[in-house]
$ cat structure.cif   # mmCIF, C-alpha atoms
data_my_file
loop_
_atom_site.label_atom_id
_atom_site.label_comp_id
_atom_site.auth_asym_id
_atom_site.auth_seq_id
_atom_site.Cartn_x
_atom_site.Cartn_y
_atom_site.Cartn_z
CA MET A 15 0.00 0.00 0.00
CA ASP A 16 1.32 3.43 -0.93
CA VAL A 17 0.54 6.22 1.50
CA ALA A 18 1.08 9.81 0.42
CA LEU A 19 1.13 12.26 3.31
CA PRO A 20 1.04 15.89 2.23
CA SER A 21 3.30 18.23 4.15
CA ALA A 22 0.30 20.43 5.03
CA ARG A 23 -0.99 17.75 7.43
CA PRO A 24 1.21 17.20 10.48
CA THR A 25 -0.58 13.96 11.46
CA ALA A 26 -2.58 11.28 9.68
CA ASP A 27 -5.79 9.60 10.81
CA ILE A 28 -6.47 6.50 8.71
CA SER A 29 -10.23 7.04 8.97
CA THR A 30 -9.82 10.21 6.89
CA PHE A 31 -7.75 8.66 4.09
CA ARG A 32 -8.97 8.58 0.50
CA LEU A 33 -8.65 4.98 -0.60
CA GLY A 34 -8.03 3.94 -4.19
CA ARG A 35 -6.36 1.24 -6.27
CA HIS A 36 -3.51 1.71 -8.72
CA GLY A 37 -5.08 1.39 -12.15
CA GLY A 38 -8.62 1.83 -10.85
CA PRO A 39 -11.18 -0.80 -9.92
CA ASN A 40 -10.78 -4.34 -11.19
CA GLU A 41 -13.37 -7.11 -11.66
CA SER A 42 -13.18 -8.27 -8.05
CA ASP A 43 -13.65 -4.67 -6.85
CA LEU A 44 -16.78 -4.37 -9.00
CA ALA A 45 -18.19 -7.67 -7.67
CA PHE A 46 -17.41 -6.59 -4.09
CA ARG A 47 -19.18 -3.27 -4.67
CA GLU A 48 -22.25 -4.96 -6.10
CA ARG A 49 -22.70 -7.02 -2.93
CA LEU A 50 -21.78 -4.14 -0.61
CA TYR A 51 -24.08 -1.65 -2.30
CA SER A 52 -26.96 -4.14 -2.31
CA LEU A 53 -26.68 -4.59 1.46
CA ILE A 54 -26.27 -0.88 2.18
CA GLY A 55 -29.30 -0.25 -0.04
CA ALA A 56 -31.34 -2.77 1.96
CA ILE A 57 -30.37 -0.97 5.18
CA VAL A 58 -31.36 2.39 3.70
CA VAL A 59 -34.72 1.03 2.51
CA ALA A 60 -35.37 -0.63 5.88
CA GLY A 61 -34.44 2.60 7.70
CA GLY A 62 -36.91 4.48 5.52
CA HIS A 63 -39.60 1.94 6.40
CA VAL A 64 -38.86 2.45 10.11
CA GLU A 65 -39.12 6.24 9.85
CA ALA A 66 -42.36 5.99 7.85
CA ALA A 67 -43.81 3.60 10.45
CA MET A 68 -42.80 6.00 13.24
CA LYS A 69 -44.50 8.89 11.45
CA ARG A 70 -47.71 6.91 10.86
CA LEU A 71 -47.84 5.92 14.53
CA ILE A 72 -47.29 9.46 15.77
CA LEU A 73 -50.01 10.82 13.51
CA LEU A 74 -52.42 8.07 14.56
CA LEU A 75 -51.71 8.23 18.29
CA LYS A 76 -51.79 12.02 18.50
CA GLY A 77 -54.87 12.21 16.31
CA ASP A 78 -53.11 14.66 14.00
CA GLU A 79 -54.52 15.35 10.59
CA GLY A 80 -52.25 15.90 7.64
CA GLY A 81 -49.44 14.19 5.88
CA PHE A 82 -45.93 13.28 6.87
CA SER A 83 -44.86 16.93 6.68
CA VAL A 84 -46.54 17.37 10.07
CA VAL A 85 -43.96 14.98 11.54
CA ASP A 86 -40.95 15.96 9.44
CA LYS A 87 -38.42 15.00 12.11
CA THR A 88 -35.20 13.03 12.50
CA TRP A 89 -35.20 9.44 13.75
CA THR A 90 -34.13 10.70 17.19
CA ASP A 91 -37.00 13.18 17.42
CA LEU A 92 -39.54 10.64 16.11
CA HIS A 93 -38.36 8.17 18.73
CA LYS A 94 -38.75 10.78 21.49
CA LEU A 95 -42.29 11.55 20.33
CA LEU A 96 -43.14 7.85 20.40
CA VAL A 97 -41.67 7.44 23.89
CA THR A 98 -43.95 10.28 25.00
CA GLN A 99 -46.93 8.50 23.42
CA SER A 100 -45.98 5.24 25.17
CA ARG A 101 -46.34 7.01 28.54
CA ARG A 102 -49.88 8.17 27.86
CA SER A 103 -53.03 6.35 28.94
CA ILE A 104 -53.77 4.86 25.53
CA PRO A 105 -54.53 1.24 24.61
CA GLN A 106 -51.29 0.85 22.60
CA ALA A 107 -48.99 2.28 25.32
CA ALA A 108 -47.59 -0.98 26.73
CA ALA A 109 -47.11 -2.58 23.30
CA LEU A 110 -45.48 0.58 21.96
CA ALA A 111 -43.10 0.76 24.91
CA GLU A 112 -42.16 -2.90 24.33
CA VAL A 113 -41.47 -2.34 20.61
CA LEU A 114 -39.41 0.79 21.30
CA LYS A 115 -37.38 -1.11 23.90
CA TRP A 116 -36.80 -3.91 21.36
CA GLY A 117 -35.47 -1.33 18.89
CA ASP A 118 -33.22 0.21 21.56
CA ASP A 119 -32.00 -3.21 22.72
CA HIS A 120 -30.95 -4.01 19.15
CA ASP A 121 -29.31 -0.59 18.73
CA LEU A 122 -31.14 -0.04 15.46
CA LYS A 123 -30.55 3.68 15.09
CA ARG A 124 -26.80 3.14 15.39
CA ARG A 125 -26.92 0.27 12.90
CA ARG A 126 -28.73 2.46 10.38
CA ASP A 127 -26.49 5.47 11.05
CA ASP A 128 -23.31 3.39 10.76
CA ALA A 129 -24.38 2.35 7.26
CA VAL A 130 -25.83 5.63 6.02
CA HIS A 131 -23.35 8.09 7.52
CA ALA A 132 -20.16 6.25 6.63
CA SER A 133 -17.49 6.45 4.00
CA TRP A 134 -17.23 2.87 2.78
CA TRP A 135 -13.99 1.22 1.73
CA ASN A 136 -15.39 -0.16 -1.50
CA TRP A 137 -12.37 -2.13 -2.66
CA ASP A 138 -12.03 -5.91 -2.58
CA GLY A 139 -9.36 -7.33 -0.34
CA VAL A 140 -9.63 -4.78 2.49
CA GLY A 141 -12.63 -6.31 4.27
CA VAL A 142 -15.99 -4.74 5.03
CA ILE A 143 -14.73 -1.48 6.50
CA ARG A 144 -16.22 1.96 6.79
CA SER A 145 -14.95 5.21 8.18
CA ARG A 146 -17.44 6.98 10.39
CA PHE A 147 -17.24 10.58 11.50
CA PHE A 148 -19.28 11.20 14.62
CA ARG A 149 -20.33 14.63 15.79
CA LYS A 150 -17.75 16.31 18.02
CA GLN A 151 -15.42 13.29 17.86
CA ASP A 152 -12.58 12.04 15.73
CA GLY A 153 -13.28 9.57 12.99
CA ALA A 154 -13.29 5.84 13.55
CA ASN A 155 -12.99 2.81 11.34
CA ILE A 156 -15.67 0.18 11.79
CA VAL A 157 -14.74 -3.33 10.72
CA GLY A 158 -17.72 -5.54 9.92
CA SER A 159 -18.86 -8.31 7.63
CA PHE A 160 -21.41 -8.93 4.92
CA GLU A 161 -23.28 -11.14 7.40
CA GLY A 162 -23.40 -8.26 9.87
CA LEU A 163 -24.91 -5.98 7.22
CA GLU A 164 -27.48 -8.65 6.37
CA GLU A 165 -28.40 -8.80 10.06
CA ASP A 166 -28.67 -5.00 10.24
CA ALA A 167 -31.13 -4.95 7.32
CA ARG A 168 -33.14 -7.88 8.68
CA LEU A 169 -33.50 -6.27 12.12
CA LEU A 170 -34.46 -2.90 10.68
CA PHE A 171 -37.16 -4.46 8.49
CA GLU A 172 -38.41 -6.41 11.52
CA TYR A 173 -38.57 -3.20 13.56
CA ALA A 174 -40.60 -1.46 10.85
CA GLN A 175 -43.00 -4.41 10.85
CA LYS A 176 -43.32 -4.35 14.65
CA LEU A 177 -44.14 -0.62 14.54
CA ASP A 178 -46.64 -1.10 11.70
CA VAL A 179 -48.48 -3.86 13.60
CA LEU A 180 -49.34 -1.26 16.25
CA LEU A 181 -51.44 0.61 13.69
CA GLY A 182 -53.90 -2.27 13.52
CA ALA A 183 -56.66 -1.56 11.04
CA ASP A 184 -56.58 2.17 11.84
CA TRP A 185 -54.28 3.14 8.97
CA PRO A 186 -55.04 2.67 5.27
CA GLN A 187 -53.40 -0.28 3.54
CA ALA A 188 -52.93 -1.23 -0.07
CA ARG A 189 -52.26 -4.82 -1.16
CA LEU A 190 -50.89 -5.89 -4.48
CA PRO A 191 -52.45 -8.95 -6.09
CA ARG A 192 -50.74 -12.33 -5.70
CA GLN A 193 -48.33 -13.25 -8.43
CA SER A 194 -47.58 -16.71 -9.64
CA SER A 195 -43.97 -17.78 -9.33
#
$ encode --input "structure.cif" --output "structure tokens"
Amino acid sequence: MDVALPSARPTADISTFRLGRHGGPNESDLAFRERLYSLIGAIVVAGGHVEAAMKRLILLLKGDEGGFSVVDKTWTDLHKLLVTQSRRSIPQAAALAEVLKWGDDHDLKRRRDDAVHASWWNWDGVGVIRSRFFRKQDGANIVGSFEGLEEDARLLFEYAQKLDVLLGADWPQARLPRQSS
């Protein structure tokens, strides 16, 4: 590995490096990226499903009229609003508190954030590594695996489903027709 350190930088933090390959990407890099991007995409889609489920629940439980713009909030703020709802005297309170605890116990926000807010090392032969830059902290490299990313996506989709179940029949649904295999 060649490392070029410009004289303008007195120190080097590997999490901030720009990673490349002499001659550009090869076939194995492209295959690695296809698998990596597919899993990151699944995490992003699952995270979107979670946020949409949170918004639906907030609108339903608060009795708010209007679309999602009424609850245009970050995951953190949506979670706080749901925690508040889980402490009210409403029929769904205990179930909502249990689902929120399940999400916290599985550290789902961090899993989503570590995929979405990372700079991925998208080159074969270096492992499943990402550089993550947290607020008010130095960067860090996170070493993972494809299996770990699969688990992240699976858990996020499961969380979205658990949140959606709390809506019962009180939120509109659309169902596509069955398809033959």
$ residues_around --input "structure.cif" --residues "Asn155 (chain A)" --least-positions-apart "5" --cutoff "7 Å" --atoms "all atoms listed in the file" --output "ChimeraX atom specification"
/A:29,143-146
$ atom_distance --input "structure.cif" --atom1 "CA of Gly162 (chain A)" --atom2 "CA of Asp91 (chain A)"
26.5 Å
$ closest_residue --input "structure.cif" --among "A:Asp43, A:Asp78, A:Ile104, A:Gly117" --to "Ala174 (chain A)" --atoms "only C-alpha atoms"
A:Gly117
$ closest_atom_pairs --input "structure.cif" --of "region 47-154 of chain A" --to "region 183-190 of chain A" --cutoff "9 Å" --atoms "all atoms listed in the file" --output "CSV"
residue,atom,partner,partner_atom,distance
A:Arg70,CA,A:Trp185,CA,7.8
A:Leu71,CA,A:Trp185,CA,9.0
A:Leu74,CA,A:Trp185,CA,7.7
$ resolve_selection --input "structure.cif" --expression "the PyMOL selection byres ((chain A and resi 130) around 10)" --output "NGL selection string"
:A and (54-55 or 57-58 or 61 or 124-129 or 131-134 or 146)
$ atom_distance --input "structure.cif" --atom1 "CA of Ala108 (chain A)" --atom2 "CA of Leu75 (chain A)"
13.2 Å
$ closest_residue --input "structure.cif" --among "A:Leu96, A:Val59, A:Val84, A:Val140" --to "Ile72 (chain A)" --atoms "all atoms listed in the file"
A:Leu96
$ atom_distance --input "structure.cif" --atom1 "CA of Arg102 (chain A)" --atom2 "CA of Gly182 (chain A)"
18.2 Å
$ closest_residue --input "structure.cif" --among "A:Gly81, A:Gly139, A:His63, A:Asp119" --to "Asn40 (chain A)" --atoms "all atoms listed in the file"
A:Gly139
$ closest_residue --input "structure.cif" --among "A:Lys150, A:Val142, A:Asp166, A:Gln175" --to "Glu65 (chain A)" --atoms "all atoms listed in the file"
A:Gln175
$ axis_aligned_box --input "structure.cif" --around "region 95-110 of chain A" --padding-each-side "3 Å" --output "lines of an AutoDock Vina configuration file"
center_x = -48.1
center_y = 4.5
center_z = 24.6
size_x = 18.9
size_y = 20.1
size_z = 14.6
$ closest_residue --input "structure.cif" --among "A:His36, A:Ala45, A:Ala56, A:Ala111" --to "Phe171 (chain A)" --atoms "only C-alpha atoms"
A:Ala56
$ residues_around --input "structure.cif" --residues "His93 (chain A)" --least-positions-apart "5" --cutoff "10 Å" --atoms "all atoms listed in the file" --output "list of chain:residue names"
A:Glu65, A:Met68, A:Lys69, A:Ile72, A:Lys87, A:Thr88, A:Thr98, A:Gln99, A:Leu114, A:Gly117, A:Asp118, A:Lys123
